[in-house]
>>> print(open('start32.cif').read())   # mmCIF, C-alpha atoms
data_upload
#
loop_
_atom_site.group_PDB
_atom_site.id
_atom_site.type_symbol
_atom_site.label_atom_id
_atom_site.label_comp_id
_atom_site.auth_asym_id
_atom_site.auth_seq_id
_atom_site.Cartn_x
_atom_site.Cartn_y
_atom_site.Cartn_z
ATOM 1 C CA MET A 1 0.000 0.000 0.000
ATOM 2 C CA ASN A 2 1.219 3.489 -0.804
ATOM 3 C CA THR A 3 2.648 5.236 2.285
ATOM 4 C CA LYS A 4 1.614 8.685 1.015
ATOM 5 C CA PHE A 5 -1.957 7.479 0.579
ATOM 6 C CA VAL A 6 -2.131 5.958 4.077
ATOM 7 C CA THR A 7 -0.547 9.040 5.660
ATOM 8 C CA GLY A 8 -2.886 11.349 3.732
ATOM 9 C CA PHE A 9 -5.920 9.241 4.615
ATOM 10 C CA PHE A 10 -5.201 9.209 8.357
ATOM 11 C CA SER A 11 -4.257 12.886 8.367
ATOM 12 C CA GLY A 12 -7.554 13.734 6.665
ATOM 13 C CA LEU A 13 -9.450 11.471 9.030
ATOM 14 C CA PHE A 14 -7.800 13.103 12.049
ATOM 15 C CA ILE A 15 -8.527 16.627 10.779
ATOM 16 C CA SER A 16 -12.150 15.670 10.027
ATOM 17 C CA ILE A 17 -12.632 14.265 13.528
ATOM 18 C CA MET A 18 -11.095 17.391 15.048
ATOM 19 C CA LEU A 19 -13.362 19.681 12.993
ATOM 20 C CA ILE A 20 -16.433 17.683 14.007
ATOM 21 C CA GLY A 21 -15.336 17.846 17.647
ATOM 22 C CA VAL A 22 -14.837 21.623 17.510
ATOM 23 C CA SER A 23 -18.208 22.069 15.777
ATOM 24 C CA LEU A 24 -19.980 19.979 18.417
ATOM 25 C CA TYR A 25 -18.233 21.858 21.217
ATOM 26 C CA GLN A 26 -19.406 25.180 19.781
ATOM 27 C CA ALA A 27 -22.947 23.943 19.098
ATOM 28 C CA MET A 28 -23.557 22.262 22.469
ATOM 29 C CA PRO A 29 -24.664 25.341 24.449
ATOM 30 C CA ASN A 30 -27.331 26.072 21.832
ATOM 31 C CA LEU A 31 -28.420 22.432 21.797
ATOM 32 C CA MET A 32 -28.593 22.027 25.579
ATOM 33 C CA ILE A 33 -30.816 25.029 26.317
ATOM 34 C CA ASN A 34 -34.190 25.826 24.735
ATOM 35 C CA GLU A 35 -35.236 29.471 24.694
ATOM 36 C CA ASN A 36 -38.469 30.992 23.436
ATOM 37 C CA ILE A 37 -39.840 34.518 23.453
ATOM 38 C CA SER A 38 -43.119 34.960 25.327
ATOM 39 C CA GLN A 39 -45.860 37.038 23.774
ATOM 40 C CA TYR A 40 -46.694 38.354 27.245
ATOM 41 C CA ASN A 41 -44.929 40.688 29.661
ATOM 42 C CA LEU A 42 -42.879 39.330 32.535
ATOM 43 C CA GLU A 43 -45.661 39.340 35.133
ATOM 44 C CA GLU A 44 -48.249 37.803 32.791
ATOM 45 C CA THR A 45 -45.785 35.125 31.676
ATOM 46 C CA SER A 46 -45.008 34.274 35.302
ATOM 47 C CA GLN A 47 -48.701 33.985 36.151
ATOM 48 C CA LEU A 48 -49.445 31.862 33.072
ATOM 49 C CA ILE A 49 -46.591 29.448 33.802
ATOM 50 C CA GLN A 50 -47.970 28.932 37.295
ATOM 51 C CA LYS A 51 -51.586 28.593 36.114
ATOM 52 C CA ASN A 52 -50.782 26.274 33.205
ATOM 53 C CA ALA A 53 -48.612 24.061 35.418
ATOM 54 C CA LYS A 54 -51.362 23.760 38.032
ATOM 55 C CA ASP A 55 -53.999 23.069 35.370
ATOM 56 C CA ALA A 56 -51.794 20.272 33.962
ATOM 57 C CA GLY A 57 -51.421 18.600 37.380
ATOM 58 C CA TRP A 58 -47.889 19.864 37.965
ATOM 59 C CA LYS A 59 -46.666 21.528 41.130
ATOM 60 C CA ILE A 60 -44.284 24.449 41.575
ATOM 61 C CA PRO A 61 -42.660 23.734 44.937
ATOM 62 C CA LYS A 62 -40.347 26.722 44.661
ATOM 63 C CA ALA A 63 -39.839 29.847 42.579
ATOM 64 C CA TYR A 64 -36.481 31.552 42.965
ATOM 65 C CA GLU A 65 -36.581 35.286 42.391
ATOM 66 C CA PHE A 66 -32.831 35.736 42.045
ATOM 67 C CA HIS A 67 -33.042 39.507 41.580
ATOM 68 C CA LYS A 68 -34.683 39.784 45.005
ATOM 69 C CA MET A 69 -32.517 37.183 46.744
ATOM 70 C CA LEU A 70 -29.239 38.706 45.577
ATOM 71 C CA ALA A 71 -30.364 42.303 46.132
ATOM 72 C CA LYS A 72 -29.974 41.523 49.837
ATOM 73 C CA ASP A 73 -26.262 41.056 49.132
ATOM 74 C CA GLY A 74 -26.009 44.307 47.175
ATOM 75 C CA HIS A 75 -26.354 42.875 43.657
ATOM 76 C CA GLN A 76 -28.750 44.674 41.337
ATOM 77 C CA PHE A 77 -29.973 43.316 37.997
ATOM 78 C CA ALA A 78 -33.157 42.878 35.998
ATOM 79 C CA PRO A 79 -35.639 40.255 37.217
ATOM 80 C CA VAL A 80 -34.738 36.586 36.815
ATOM 81 C CA THR A 81 -37.113 33.967 38.176
ATOM 82 C CA VAL A 82 -36.547 30.218 38.080
ATOM 83 C CA PHE A 83 -39.538 27.958 38.630
ATOM 84 C CA GLU A 84 -39.172 24.388 39.839
ATOM 85 C CA LEU A 85 -41.798 22.303 38.047
ATOM 86 C CA CYS A 86 -42.651 18.902 39.470
ATOM 87 C CA GLN A 87 -45.096 16.283 38.271
ATOM 88 C CA PRO A 88 -45.477 13.974 41.291
ATOM 89 C CA HIS A 89 -46.124 10.818 39.244
ATOM 90 C CA HIS A 90 -43.003 11.334 37.131
ATOM 91 C CA ALA A 91 -40.896 12.166 40.187
ATOM 92 C CA ALA A 92 -42.093 9.056 42.034
ATOM 93 C CA ASN A 93 -41.329 6.894 39.004
ATOM 94 C CA ILE A 94 -37.704 8.074 38.994
ATOM 95 C CA LEU A 95 -37.168 8.123 42.758
ATOM 96 C CA SER A 96 -38.658 4.673 43.379
ATOM 97 C CA ASP A 97 -36.254 3.063 40.898
ATOM 98 C CA PHE A 98 -32.775 2.644 42.401
ATOM 99 C CA ASN A 99 -31.249 2.482 38.897
ATOM 100 C CA SER A 100 -32.774 5.846 37.984
ATOM 101 C CA ARG A 101 -32.023 7.891 41.098
ATOM 102 C CA SER A 102 -28.802 9.262 39.653
ATOM 103 C CA VAL A 103 -30.850 11.857 37.776
ATOM 104 C CA SER A 104 -32.442 13.188 40.962
ATOM 105 C CA SER A 105 -29.940 16.060 40.824
ATOM 106 C CA LEU A 106 -31.789 17.215 37.690
ATOM 107 C CA MET A 107 -35.116 17.240 39.494
ATOM 108 C CA PRO A 108 -37.404 19.037 39.530
ATOM 109 C CA CYS A 109 -37.556 20.464 36.009
ATOM 110 C CA ARG A 110 -36.568 24.120 35.952
ATOM 111 C CA VAL A 111 -37.882 26.934 33.807
ATOM 112 C CA ALA A 112 -36.200 30.339 33.844
ATOM 113 C CA LEU A 113 -37.945 33.585 33.057
ATOM 114 C CA TYR A 114 -36.133 36.834 32.276
ATOM 115 C CA GLU A 115 -35.898 39.725 29.846
ATOM 116 C CA ASN A 116 -33.139 39.791 27.234
ATOM 117 C CA ALA A 117 -31.185 42.892 26.144
ATOM 118 C CA GLN A 118 -33.940 43.754 23.649
ATOM 119 C CA GLY A 119 -36.585 43.759 26.409
ATOM 120 C CA GLN A 120 -38.212 40.542 25.214
ATOM 121 C CA VAL A 121 -39.452 38.064 27.826
ATOM 122 C CA VAL A 122 -37.494 34.822 27.484
ATOM 123 C CA VAL A 123 -38.562 31.409 28.763
ATOM 124 C CA SER A 124 -35.520 29.170 29.065
ATOM 125 C CA ARG A 125 -35.126 25.541 30.030
ATOM 126 C CA MET A 126 -32.752 22.638 29.636
ATOM 127 C CA ASN A 127 -33.250 20.479 26.545
ATOM 128 C CA SER A 128 -34.250 17.442 28.600
ATOM 129 C CA GLY A 129 -35.444 15.615 25.499
ATOM 130 C CA LEU A 130 -31.920 15.614 24.112
ATOM 131 C CA MET A 131 -30.414 14.734 27.486
ATOM 132 C CA SER A 132 -32.809 11.832 28.033
ATOM 133 C CA HIS A 133 -31.032 9.740 25.395
ATOM 134 C CA PHE A 134 -28.016 9.366 27.666
ATOM 135 C CA PHE A 135 -29.895 7.554 30.447
ATOM 136 C CA ASN A 136 -31.543 4.186 31.087
ATOM 137 C CA ASP A 137 -34.918 3.301 29.546
ATOM 138 C CA ASN A 138 -36.949 4.296 32.601
ATOM 139 C CA VAL A 139 -35.346 7.723 32.839
ATOM 140 C CA GLN A 140 -35.605 8.204 29.096
ATOM 141 C CA ASN A 141 -39.322 7.362 29.089
ATOM 142 C CA VAL A 142 -40.110 9.592 32.069
ATOM 143 C CA MET A 143 -38.043 12.483 30.720
ATOM 144 C CA GLN A 144 -39.724 12.243 27.310
ATOM 145 C CA LYS A 145 -43.172 12.404 28.944
ATOM 146 C CA ALA A 146 -42.072 15.270 31.197
ATOM 147 C CA VAL A 147 -40.703 17.194 28.209
ATOM 148 C CA ALA A 148 -43.943 16.793 26.259
ATOM 149 C CA GLU A 149 -46.006 17.938 29.242
ATOM 150 C CA THR A 150 -43.686 20.837 30.070
ATOM 151 C CA GLU A 151 -43.799 22.050 26.484
ATOM 152 C CA ALA A 152 -47.608 21.817 26.559
ATOM 153 C CA ILE A 153 -47.544 24.032 29.674
ATOM 154 C CA LEU A 154 -45.284 26.576 27.967
ATOM 155 C CA ASP A 155 -46.492 26.496 24.342
ATOM 156 C CA PRO A 156 -49.464 28.868 24.888
ATOM 157 C CA LEU A 157 -46.962 31.571 25.852
ATOM 158 C CA PHE A 158 -45.296 31.532 22.451
ATOM 159 C CA LYS A 159 -48.204 31.579 19.979
#
>>> encode(input="start32.cif", output="structure tokens")
Amino acid sequence: MNTKFVTGFFSGLFISIMLIGVSLYQAMPNLMINENISQYNLEETSQLIQKNAKDAGWKIPKAYEFHKMLAKDGHQFAPVTVFELCQPHHAANILSDFNSRSVSSLMPCRVALYENAQGQVVVSRMNSGLMSHFFNDNVQNVMQKAVAETEAILDPLFK
């Protein structure tokens, strides 16, 4: 076999793998987080998230108003609220399975609400559908259901 050909082939293969790796590294932040612009103002969006979650049988055990929490330490910035969304059935499914408990650090699902530099209200959340593919079948199934339900809670904000 021709040494130049083999060297050229493996060099090209190496460069291709490196370019794919760099591309994936740069794309990952955009793939891991879903952001949508709400058609409502900040207060209305906050109220609708809470109402829609309750209507869908989800609970919001905690809402972190970071702008208020950190103001106590002298930090001032525009409002940022993070809602913890929990569907008790989904949570119990994960937590009752010893092989699935490793994802408990991702629970409950979180949805962030803030204004961007253009003054638009942004609803941001982790792309759990993409992440679900890296876990066991139980976690994957529960996460897929949770994603579908979470998106159903949020979708009315974007239309």
>>> resolve_selection(input="start32.cif", expression="the PyMOL selection byres ((chain A and resi 101-108) around 8)", output="number ranges by chain")
A: 84-86, 91, 94-100, 109-110, 139
>>> closest_residue(input="start32.cif", among="A:Thr150, A:Asn138, A:Asn93, A:Gln50", to="A:Met126", atoms="all atoms listed in the file")
A:Thr150
>>> closest_residue(input="start32.cif", among="A:Thr81, A:Ser16, A:Gln47, A:Asn41", to="A:Gln120", atoms="all atoms listed in the file")
A:Asn41
>>> atom_distance(input="start32.cif", atom1="atom CA of A:Met32", atom2="atom CA of A:Val123")
14.1 Å
>>> residues_around(input="start32.cif", residues="A:His67", least_positions_apart="4", cutoff="10 Å", atoms="only C-alpha atoms", output="count of residues only")
9
>>> atom_distance(input="start32.cif", atom1="atom CA of A:Val111", atom2="atom CA of A:Met131")
15.6 Å
>>> atom_distance(input="start32.cif", atom1="atom CA of A:Asp55", atom2="atom CA of A:Tyr40")
18.8 Å
>>> resolve_selection(input="start32.cif", expression="the PyMOL selection byres ((chain A and resi 62) around 8)", output="ChimeraX atom specification")
/A:60-61,63-64,83-84
>>> closest_residue(input="start32.cif", among="A:Met18, A:Ile33, A:Leu13, A:Leu42", to="A:Gly119", atoms="all atoms listed in the file")
A:Leu42
>>> resolve_selection(input="start32.cif", expression="the PyMOL selection byres ((chain A and resi 141) around 12)", output="count of residues only")
23
>>> residues_near_point(input="start32.cif", point="(-37.3, 33.9, 21.5)", cutoff="9 Å", atoms="all atoms listed in the file", output="list in words")
Glu35, Asn36, Ile37, Ser38, Gln120, Val121, Val122, Val123 and Phe158 of chain A
>>> closest_residue(input="start32.cif", among="A:Thr7, A:Leu157, A:Thr45, A:Leu19", to="A:Glu115", atoms="all atoms listed in the file")
A:Thr45
>>> residues_near_point(input="start32.cif", point="(-50.1, 15.9, 39.0)", cutoff="6 Å", atoms="all atoms listed in the file", output="list of chain:residue names")
A:Gly57, A:Trp58, A:Gln87, A:Pro88
>>> closest_residue(input="start32.cif", among="A:Asn52, A:Asn2, A:Ser46, A:Asn127", to="A:Leu113", atoms="all atoms listed in the file")
A:Ser46
>>> build_atoms(input="start32.cif", residues="stretch 45-57 of chain A", atoms="N, CA and C atoms", output="tab-separated table (two decimals), in the frame of the given file")
chain	number	residue	atom	x	y	z
A	45	THR	N	-46.43	36.40	31.99
A	45	THR	CA	-45.78	35.12	31.68
A	45	THR	C	-45.61	34.31	32.95
A	46	SER	N	-45.17	34.95	34.01
A	46	SER	CA	-45.01	34.27	35.30
A	46	SER	C	-46.33	33.68	35.77
A	47	GLN	N	-47.39	34.46	35.71
A	47	GLN	CA	-48.70	33.98	36.15
A	47	GLN	C	-49.20	32.83	35.29
A	48	LEU	N	-48.98	32.92	33.98
A	48	LEU	CA	-49.44	31.86	33.07
A	48	LEU	C	-48.66	30.56	33.26
A	49	ILE	N	-47.37	30.66	33.52
A	49	ILE	CA	-46.59	29.45	33.80
A	49	ILE	C	-47.17	28.75	35.03
A	50	GLN	N	-47.43	29.52	36.07
A	50	GLN	CA	-47.97	28.93	37.30
A	50	GLN	C	-49.37	28.35	37.07
A	51	LYS	N	-50.22	29.07	36.37
A	51	LYS	CA	-51.59	28.59	36.11
A	51	LYS	C	-51.57	27.35	35.23
A	52	ASN	N	-50.82	27.40	34.14
A	52	ASN	CA	-50.78	26.27	33.20
A	52	ASN	C	-50.22	25.02	33.87
A	53	ALA	N	-49.20	25.20	34.71
A	53	ALA	CA	-48.61	24.06	35.42
A	53	ALA	C	-49.66	23.44	36.35
A	54	LYS	N	-50.33	24.26	37.10
A	54	LYS	CA	-51.36	23.76	38.03
A	54	LYS	C	-52.47	23.05	37.26
A	55	ASP	N	-52.93	23.66	36.18
A	55	ASP	CA	-54.00	23.07	35.37
A	55	ASP	C	-53.59	21.72	34.78
A	56	ALA	N	-52.30	21.52	34.54
A	56	ALA	CA	-51.79	20.27	33.96
A	56	ALA	C	-51.45	19.23	35.03
A	57	GLY	N	-51.70	19.55	36.30
A	57	GLY	CA	-51.42	18.60	37.38
A	57	GLY	C	-49.98	18.64	37.86
